[in-house]
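> File name final_21.cif; file contents mmCIF, N, CA and C atoms; full text below.
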```
data_start
#
loop_
_atom_site.group_PDB
_atom_site.id
_atom_site.type_symbol
_atom_site.label_atom_id
_atom_site.label_comp_id
_atom_site.auth_asym_id
_atom_site.auth_seq_id
_atom_site.Cartn_x
_atom_site.Cartn_y
_atom_site.Cartn_z
ATOM 1 N N MET A 6 -31.284 -41.966 -38.539
ATOM 2 C CA MET A 6 -31.200 -40.744 -37.762
ATOM 3 C C MET A 6 -29.946 -40.768 -36.890
ATOM 4 N N SER A 7 -29.195 -39.724 -36.922
ATOM 5 C CA SER A 7 -27.993 -39.672 -36.094
ATOM 6 C C SER A 7 -28.280 -38.914 -34.804
ATOM 7 N N LYS A 8 -27.594 -39.356 -33.772
ATOM 8 C CA LYS A 8 -27.736 -38.680 -32.476
ATOM 9 C C LYS A 8 -26.960 -37.376 -32.506
ATOM 10 N N LYS A 9 -27.529 -36.376 -31.922
ATOM 11 C CA LYS A 9 -26.855 -35.080 -31.843
ATOM 12 C C LYS A 9 -26.061 -35.048 -30.540
ATOM 13 N N GLU A 10 -24.754 -34.868 -30.655
ATOM 14 C CA GLU A 10 -23.913 -34.800 -29.465
ATOM 15 C C GLU A 10 -23.974 -33.395 -28.879
ATOM 16 N N THR A 11 -24.051 -33.346 -27.573
ATOM 17 C CA THR A 11 -24.072 -32.041 -26.915
ATOM 18 C C THR A 11 -22.761 -31.836 -26.172
ATOM 19 N N ALA A 12 -22.270 -30.629 -26.228
ATOM 20 C CA ALA A 12 -21.035 -30.280 -25.540
ATOM 21 C C ALA A 12 -21.333 -30.098 -24.053
ATOM 22 N N PRO A 13 -20.371 -30.425 -23.206
ATOM 23 C CA PRO A 13 -20.593 -30.224 -21.768
ATOM 24 C C PRO A 13 -20.754 -28.738 -21.450
ATOM 25 N N ALA A 14 -21.588 -28.453 -20.469
ATOM 26 C CA ALA A 14 -21.835 -27.068 -20.060
ATOM 27 C C ALA A 14 -21.295 -26.857 -18.649
ATOM 28 N N PHE A 15 -20.836 -25.643 -18.405
ATOM 29 C CA PHE A 15 -20.207 -25.300 -17.135
ATOM 30 C C PHE A 15 -20.825 -24.034 -16.575
ATOM 31 N N ASN A 16 -20.819 -23.912 -15.254
ATOM 32 C CA ASN A 16 -21.319 -22.681 -14.645
ATOM 33 C C ASN A 16 -20.194 -21.644 -14.586
ATOM 34 N N LYS A 17 -20.545 -20.471 -14.145
ATOM 35 C CA LYS A 17 -19.628 -19.327 -14.105
ATOM 36 C C LYS A 17 -18.351 -19.639 -13.310
ATOM 37 N N GLN A 18 -18.495 -20.282 -12.151
ATOM 38 C CA GLN A 18 -17.345 -20.594 -11.307
ATOM 39 C C GLN A 18 -16.423 -21.619 -11.958
ATOM 40 N N GLN A 19 -17.010 -22.615 -12.605
ATOM 41 C CA GLN A 19 -16.203 -23.625 -13.278
ATOM 42 C C GLN A 19 -15.400 -23.017 -14.417
ATOM 43 N N LEU A 20 -16.009 -22.115 -15.163
ATOM 44 C CA LEU A 20 -15.292 -21.457 -16.257
ATOM 45 C C LEU A 20 -14.167 -20.566 -15.724
ATOM 46 N N ALA A 21 -14.382 -19.952 -14.576
ATOM 47 C CA ALA A 21 -13.362 -19.082 -13.976
ATOM 48 C C ALA A 21 -12.143 -19.879 -13.509
ATOM 49 N N GLN A 22 -12.310 -21.177 -13.318
ATOM 50 C CA GLN A 22 -11.194 -22.027 -12.889
ATOM 51 C C GLN A 22 -10.577 -22.805 -14.051
ATOM 52 N N SER A 23 -11.123 -22.645 -15.221
ATOM 53 C CA SER A 23 -10.690 -23.390 -16.399
ATOM 54 C C SER A 23 -9.336 -22.921 -16.910
ATOM 55 N N ASN A 24 -8.598 -23.851 -17.481
ATOM 56 C CA ASN A 24 -7.321 -23.509 -18.117
ATOM 57 C C ASN A 24 -7.523 -23.055 -19.559
ATOM 58 N N GLN A 25 -8.763 -23.024 -20.021
ATOM 59 C CA GLN A 25 -9.092 -22.622 -21.387
ATOM 60 C C GLN A 25 -8.943 -21.112 -21.587
ATOM 61 N N PHE A 26 -8.948 -20.359 -20.497
ATOM 62 C CA PHE A 26 -8.969 -18.899 -20.592
ATOM 63 C C PHE A 26 -7.809 -18.293 -19.812
ATOM 64 N N SER A 27 -7.350 -17.129 -20.282
ATOM 65 C CA SER A 27 -6.308 -16.385 -19.562
ATOM 66 C C SER A 27 -6.932 -15.725 -18.327
ATOM 67 N N ASN A 28 -6.095 -15.212 -17.452
ATOM 68 C CA ASN A 28 -6.610 -14.529 -16.252
ATOM 69 C C ASN A 28 -7.471 -13.334 -16.631
ATOM 70 N N ARG A 29 -7.070 -12.599 -17.641
ATOM 71 C CA ARG A 29 -7.842 -11.439 -18.113
ATOM 72 C C ARG A 29 -9.208 -11.883 -18.614
ATOM 73 N N GLU A 30 -9.224 -12.947 -19.412
ATOM 74 C CA GLU A 30 -10.487 -13.454 -19.944
ATOM 75 C C GLU A 30 -11.387 -13.965 -18.824
ATOM 76 N N LYS A 31 -10.806 -14.597 -17.826
ATOM 77 C CA LYS A 31 -11.585 -15.093 -16.675
ATOM 78 C C LYS A 31 -12.242 -13.938 -15.925
ATOM 79 N N ASP A 32 -11.512 -12.830 -15.777
ATOM 80 C CA ASP A 32 -12.072 -11.649 -15.115
ATOM 81 C C ASP A 32 -13.275 -11.114 -15.885
ATOM 82 N N VAL A 33 -13.143 -11.036 -17.196
ATOM 83 C CA VAL A 33 -14.241 -10.547 -18.031
ATOM 84 C C VAL A 33 -15.428 -11.506 -17.947
ATOM 85 N N LEU A 34 -15.167 -12.797 -18.051
ATOM 86 C CA LEU A 34 -16.245 -13.786 -17.987
ATOM 87 C C LEU A 34 -16.985 -13.717 -16.663
ATOM 88 N N SER A 35 -16.258 -13.535 -15.575
ATOM 89 C CA SER A 35 -16.924 -13.476 -14.272
ATOM 90 C C SER A 35 -17.815 -12.243 -14.160
ATOM 91 N N ALA A 36 -17.513 -11.212 -14.938
ATOM 92 C CA ALA A 36 -18.332 -10.002 -14.925
ATOM 93 C C ALA A 36 -19.539 -10.103 -15.855
ATOM 94 N N ILE A 37 -19.403 -10.810 -16.976
ATOM 95 C CA ILE A 37 -20.476 -10.795 -17.978
ATOM 96 C C ILE A 37 -21.397 -12.013 -17.948
ATOM 97 N N LEU A 38 -20.941 -13.131 -17.397
ATOM 98 C CA LEU A 38 -21.796 -14.316 -17.378
ATOM 99 C C LEU A 38 -22.771 -14.258 -16.208
ATOM 100 N N GLU A 39 -23.940 -14.846 -16.398
ATOM 101 C CA GLU A 39 -24.993 -14.819 -15.385
ATOM 102 C C GLU A 39 -24.837 -15.965 -14.388
ATOM 103 N N GLU A 40 -25.133 -15.663 -13.127
ATOM 104 C CA GLU A 40 -25.152 -16.693 -12.086
ATOM 105 C C GLU A 40 -26.285 -17.666 -12.369
ATOM 106 N N GLY A 41 -26.061 -18.938 -12.107
ATOM 107 C CA GLY A 41 -27.117 -19.918 -12.242
ATOM 108 C C GLY A 41 -27.311 -20.455 -13.654
ATOM 109 N N LYS A 42 -26.643 -19.883 -14.637
ATOM 110 C CA LYS A 42 -26.731 -20.374 -16.012
ATOM 111 C C LYS A 42 -25.502 -21.209 -16.319
ATOM 112 N N THR A 43 -25.644 -22.105 -17.292
ATOM 113 C CA THR A 43 -24.497 -22.878 -17.731
ATOM 114 C C THR A 43 -24.175 -22.514 -19.180
ATOM 115 N N TYR A 44 -22.903 -22.655 -19.519
ATOM 116 C CA TYR A 44 -22.401 -22.279 -20.833
ATOM 117 C C TYR A 44 -21.423 -23.345 -21.320
ATOM 118 N N THR A 45 -21.448 -23.602 -22.615
ATOM 119 C CA THR A 45 -20.405 -24.444 -23.194
ATOM 120 C C THR A 45 -19.168 -23.564 -23.357
ATOM 121 N N ILE A 46 -18.039 -24.191 -23.602
ATOM 122 C CA ILE A 46 -16.809 -23.419 -23.833
ATOM 123 C C ILE A 46 -17.010 -22.491 -25.031
ATOM 124 N N GLN A 47 -17.651 -23.002 -26.080
ATOM 125 C CA GLN A 47 -17.896 -22.201 -27.277
ATOM 126 C C GLN A 47 -18.781 -20.986 -26.967
ATOM 127 N N GLN A 48 -19.832 -21.191 -26.181
ATOM 128 C CA GLN A 48 -20.717 -20.080 -25.822
ATOM 129 C C GLN A 48 -19.962 -19.037 -24.996
ATOM 130 N N ALA A 49 -19.127 -19.492 -24.071
ATOM 131 C CA ALA A 49 -18.351 -18.561 -23.249
ATOM 132 C C ALA A 49 -17.397 -17.754 -24.120
ATOM 133 N N LYS A 50 -16.760 -18.423 -25.082
ATOM 134 C CA LYS A 50 -15.847 -17.709 -25.988
ATOM 135 C C LYS A 50 -16.600 -16.695 -26.847
ATOM 136 N N GLU A 51 -17.803 -17.048 -27.276
ATOM 137 C CA GLU A 51 -18.611 -16.119 -28.071
ATOM 138 C C GLU A 51 -19.024 -14.904 -27.241
ATOM 139 N N GLN A 52 -19.424 -15.125 -25.995
ATOM 140 C CA GLN A 52 -19.789 -14.020 -25.101
ATOM 141 C C GLN A 52 -18.586 -13.102 -24.891
ATOM 142 N N LEU A 53 -17.434 -13.695 -24.690
ATOM 143 C CA LEU A 53 -16.199 -12.944 -24.474
ATOM 144 C C LEU A 53 -15.854 -12.108 -25.700
ATOM 145 N N THR A 54 -15.904 -12.712 -26.870
ATOM 146 C CA THR A 54 -15.604 -12.005 -28.111
ATOM 147 C C THR A 54 -16.568 -10.855 -28.342
ATOM 148 N N THR A 55 -17.840 -11.102 -28.151
ATOM 149 C CA THR A 55 -18.858 -10.057 -28.322
ATOM 150 C C THR A 55 -18.589 -8.881 -27.395
ATOM 151 N N PHE A 56 -18.301 -9.179 -26.136
ATOM 152 C CA PHE A 56 -18.051 -8.122 -25.166
ATOM 153 C C PHE A 56 -16.794 -7.320 -25.520
ATOM 154 N N LEU A 57 -15.730 -8.004 -25.900
ATOM 155 C CA LEU A 57 -14.468 -7.324 -26.184
ATOM 156 C C LEU A 57 -14.510 -6.510 -27.477
ATOM 157 N N LYS A 58 -15.435 -6.824 -28.363
ATOM 158 C CA LYS A 58 -15.544 -6.084 -29.627
ATOM 159 C C LYS A 58 -16.514 -4.906 -29.548
ATOM 160 N N LYS A 59 -17.158 -4.733 -28.414
ATOM 161 C CA LYS A 59 -18.095 -3.610 -28.273
ATOM 162 C C LYS A 59 -17.344 -2.283 -28.362
ATOM 163 N N GLU A 60 -18.013 -1.324 -28.955
ATOM 164 C CA GLU A 60 -17.444 0.003 -29.075
ATOM 165 C C GLU A 60 -17.495 0.711 -27.726
ATOM 166 N N VAL A 61 -16.381 1.317 -27.373
ATOM 167 C CA VAL A 61 -16.305 2.069 -26.122
ATOM 168 C C VAL A 61 -16.753 3.493 -26.398
ATOM 169 N N ILE A 62 -17.669 3.972 -25.597
ATOM 170 C CA ILE A 62 -18.208 5.320 -25.807
ATOM 171 C C ILE A 62 -17.511 6.298 -24.872
#
```
So, in terms of structure tokens, how does the structure I just supplied come out?


Amino acid sequence: MSKKETAPAFNKQQLAQSNQFSNREKDVLSAILEEGKTYTIQQAKEQLTTFLKKEVI
């Protein structure tokens, strides 16, 4: 049996200070991510992509 590695998770404030995202992306993340929850970098990128691809009405 192999061990499943887990990616580190970060809260909203930590992601907003990350060099992984542009200033624009950080602004969007701070608006769409929930307080008190943690996200991996991959989850944050998926949330960002989903939000940016939404149809504007």

> Evaluate the PyMOL selection byres ((chain A and resi 41) around 7) and record the selected residues as a VMD selection string, following the chain and residue labels used in the document.

chain A and resid 16 to 17 39 to 40 42 to 43

> List the neighbours of segment 24-37 of chain A out to 10 Å using only C-alpha atoms; skip same-chain residues closer than 4 positions along the sequence, and give me the result as a PyMOL selection string.

chain A and resi 17-18+20+46+49-50+52-54+56-57

> What does the distance between atom CA of Thr55 of chain A and atom N of Ala21 of chain A come to in Å, to one decimal place?

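Here the two named atoms are 17.5 Å from each other.
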
> Using DSSP assignments from the backbone, pull out every residue in chain A that falls under strand (DSSP E or B) and give it to me as a ChimeraX atom specification.

/A:15-16,43-44

> Output N, CA and C atoms for every residue in that selection, as a compact mmCIF listing (two decimals), keeping the file's coordinate frame.


```txt
# COMPACT_ATOMS: atom_id res chain seq x y z
N PHE A 15 -20.84 -25.64 -18.40
CA PHE A 15 -20.21 -25.30 -17.14
C PHE A 15 -20.82 -24.03 -16.58
N ASN A 16 -20.82 -23.91 -15.25
CA ASN A 16 -21.32 -22.68 -14.64
C ASN A 16 -20.19 -21.64 -14.59
N THR A 43 -25.64 -22.10 -17.29
CA THR A 43 -24.50 -22.88 -17.73
C THR A 43 -24.18 -22.51 -19.18
N TYR A 44 -22.90 -22.66 -19.52
CA TYR A 44 -22.40 -22.28 -20.83
C TYR A 44 -21.42 -23.34 -21.32
```

> Run the PyMOL selection byres (((chain A and resi 12 and name CA) around 10) and name CA) against the file shown and list the residues it catches, as a PDB file with N, CA and C atoms, in the coordinates of the input.


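Result saved to expr_12.pdb:
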```
ATOM      1  N   LYS A   9     -27.529 -36.376 -31.922  1.00  0.00           N
ATOM      2  CA  LYS A   9     -26.855 -35.080 -31.843  1.00  0.00           C
ATOM      3  C   LYS A   9     -26.061 -35.048 -30.540  1.00  0.00           C
ATOM      4  N   GLU A  10     -24.754 -34.868 -30.655  1.00  0.00           N
ATOM      5  CA  GLU A  10     -23.913 -34.800 -29.465  1.00  0.00           C
ATOM      6  C   GLU A  10     -23.974 -33.395 -28.879  1.00  0.00           C
ATOM      7  N   THR A  11     -24.051 -33.346 -27.573  1.00  0.00           N
ATOM      8  CA  THR A  11     -24.072 -32.041 -26.915  1.00  0.00           C
ATOM      9  C   THR A  11     -22.761 -31.836 -26.172  1.00  0.00           C
ATOM     10  N   PRO A  13     -20.371 -30.425 -23.206  1.00  0.00           N
ATOM     11  CA  PRO A  13     -20.593 -30.224 -21.768  1.00  0.00           C
ATOM     12  C   PRO A  13     -20.754 -28.738 -21.450  1.00  0.00           C
ATOM     13  N   ALA A  14     -21.588 -28.453 -20.469  1.00  0.00           N
ATOM     14  CA  ALA A  14     -21.835 -27.068 -20.060  1.00  0.00           C
ATOM     15  C   ALA A  14     -21.295 -26.857 -18.649  1.00  0.00           C
ATOM     16  N   PHE A  15     -20.836 -25.643 -18.405  1.00  0.00           N
ATOM     17  CA  PHE A  15     -20.207 -25.300 -17.135  1.00  0.00           C
ATOM     18  C   PHE A  15     -20.825 -24.034 -16.575  1.00  0.00           C
ATOM     19  N   TYR A  44     -22.903 -22.655 -19.519  1.00  0.00           N
ATOM     20  CA  TYR A  44     -22.401 -22.279 -20.833  1.00  0.00           C
ATOM     21  C   TYR A  44     -21.423 -23.345 -21.320  1.00  0.00           C
ATOM     22  N   THR A  45     -21.448 -23.602 -22.615  1.00  0.00           N
ATOM     23  CA  THR A  45     -20.405 -24.444 -23.194  1.00  0.00           C
ATOM     24  C   THR A  45     -19.168 -23.564 -23.357  1.00  0.00           C
ATOM     25  N   ILE A  46     -18.039 -24.191 -23.602  1.00  0.00           N
ATOM     26  CA  ILE A  46     -16.809 -23.419 -23.833  1.00  0.00           C
ATOM     27  C   ILE A  46     -17.010 -22.491 -25.031  1.00  0.00           C
ATOM     28  N   GLN A  47     -17.651 -23.002 -26.080  1.00  0.00           N
ATOM     29  CA  GLN A  47     -17.896 -22.201 -27.277  1.00  0.00           C
ATOM     30  C   GLN A  47     -18.781 -20.986 -26.967  1.00  0.00           C
TER      31      GLN A  47
END
```

> Could you please determine the separation between atom C of Leu38 of chain A and atom C of Ile62 of chain A in Å, to one decimal place?

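Calculated distance between atom C of Leu38 of chain A and atom C of Ile62 of chain A is 22.9 Å.
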
> Quick check, in Å to one decimal: how far apart do atom C of Ser23 of chain A and atom CA of Lys58 of chain A lie?

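Those two atoms sit 22.0 Å apart.
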
> Quick one: pick out all helix (DSSP H, G or I) residues within chain A from a backbone DSSP run and write them as a PyMOL selection string.

chain A and resi 17-21+28-37+46-57

> Please report, as JSON, the centre and edge lengths in Å to one decimal of an axis-aligned box covering all listed atoms of segment 57-62 of chain A with 4 Å per side.


```
{"center_x": -16.3, "center_y": -0.9, "center_z": -27.2, "size_x": 11.7, "size_y": 22.3, "size_z": 12.8}
```
